[in-house]
Amino acid sequence: MSPEELSRMINEKEGTMSHEREVSLAFPALFRKVYVWMTMALAITGLTAYVVINSESILFSLYSTPAIMWVMIIAELALVFFISSRIQKISITTATILFVLYAVINGLTLAPILLIYTGASVAKVFFITAGTFAAMAFYGYTTKSDLSKMGKIAIMALIGVIIATVVNLFMHSSTLDMIICYGGVLIFVGLTAWDTQKIKNMLAQCDEPNEQAQKIALLGSLSLYLDFINLFIYLLRILGTSRD
């Protein structure tokens, strides 16, 4: 082997090792960003709901007209759809701003739900939700099993829960409502594990923490944020203590 060939092989090996080091450093940084964004969104939602609950003027302005609540709900759905479908075409800054806006609107719509329950029970359910979420996220991150099948089943079950919820708006069945709540808990417990594994696999393929990779992390944080909020709401409806 000539000195030139030997030098080329050494350079190629060093380049490969350097690339592997970059990938190994990129993944934990990106995965941390998922939870940083998610925590930020939860804090914004909680702060927004707290401000609304403690302001009679804001409560009256927002909830005296049912149409305003419907506008906020539609805005939430529109924002989730827009971020998910246009994430590749908008900048990371724009996506982050829209995520923050979604967290604020979610806090506005969550406030009247929290008013139904005592502060102590809301705090208790929040910590139960946090513990459950952390356990399932850890399972999704560490398990060697492929959770894709479980995720697909959870998505189909979620569609069923949504249909049952709409039906129960007319039936007003307390039994069906409780079945929906327990079903919702099981669904979002499963989705938390699946989404965590899916995000981990997607970020593991990113070579560096560029804007494209950060968009994947942001979209992942939105998914986990939604899992947490929905799990919290269903657990609150089961375990929460009414103010009455």
# chains A, B, ... in the order shown; residues from 1 in each chain; ligands from 1

$ residues_around --residues "Trp194 of chain A" --least-positions-apart "3" --cutoff "10 Å" --atoms "only C-alpha atoms" --output "list in words"
Met136, Ala137, Tyr139, Gly140, Tyr141, Asp146, Leu147, Ser148, Lys149, Met150, Gly151, Lys152, Ala154, Phe188, Val189, Gly190, Leu191, Gln197, Lys198, Ile199, Lys200 and Leu224 of chain A

$ write_last_selection --atoms "C-alpha atoms" --output "short mmCIF file (atom, residue, chain, number, x, y, z; two decimals), in the first residue's frame"
data_model
loop_
_atom_site.label_atom_id
_atom_site.label_comp_id
_atom_site.auth_asym_id
_atom_site.auth_seq_id
_atom_site.Cartn_x
_atom_site.Cartn_y
_atom_site.Cartn_z
CA MET A 136 -44.52 6.19 29.94
CA ALA A 137 -42.03 8.52 28.27
CA TYR A 139 -40.70 3.32 28.76
CA GLY A 140 -41.07 4.63 25.21
CA TYR A 141 -37.46 5.83 25.22
CA ASP A 146 -41.63 -1.61 18.34
CA LEU A 147 -44.61 0.42 19.58
CA SER A 148 -45.95 1.28 16.12
CA LYS A 149 -48.82 -1.21 16.36
CA MET A 150 -49.83 0.11 19.77
CA GLY A 151 -49.72 3.66 18.42
CA LYS A 152 -51.99 2.83 15.50
CA ALA A 154 -54.41 4.17 20.12
CA PHE A 188 -52.90 9.00 25.95
CA VAL A 189 -50.81 6.77 28.18
CA GLY A 190 -50.15 4.64 25.10
CA LEU A 191 -49.63 7.64 22.83
CA GLN A 197 -40.20 6.29 20.70
CA LYS A 198 -41.16 7.86 17.36
CA ILE A 199 -39.44 11.16 18.24
CA LYS A 200 -36.34 9.30 19.45
CA LEU A 224 -45.97 15.27 23.75
#

$ residues_around --residues "segment 225-233 of chain A" --least-positions-apart "3" --cutoff "10 Å" --atoms "only C-alpha atoms" --output "number ranges by chain"
A: 34-35, 37-42, 45, 80, 103, 106, 110, 113-114, 122, 125-130, 132-134, 181-182, 184-193, 195, 219-222, 236-240

$ closest_residue --among "A:Arg86, A:Ser242, A:Lys215, A:Leu235" --to "Leu30 of chain A" --atoms "only C-alpha atoms"
A:Lys215

$ atom_distance --atom1 "atom CA of Ile90 of chain A" --atom2 "atom CA of Thr196 of chain A"
23.8 Å

$ closest_residue --among "A:Ser91, A:Ser174, A:Gln214, A:Ser55" --to "Met202 of chain A" --atoms "only C-alpha atoms"
A:Gln214

$ atom_distance --atom1 "atom CA of Met69 of chain A" --atom2 "atom CA of Thr109 of chain A"
7.0 Å

$ atom_distance --atom1 "atom CA of Ile53 of chain A" --atom2 "atom CA of Ile180 of chain A"
26.5 Å
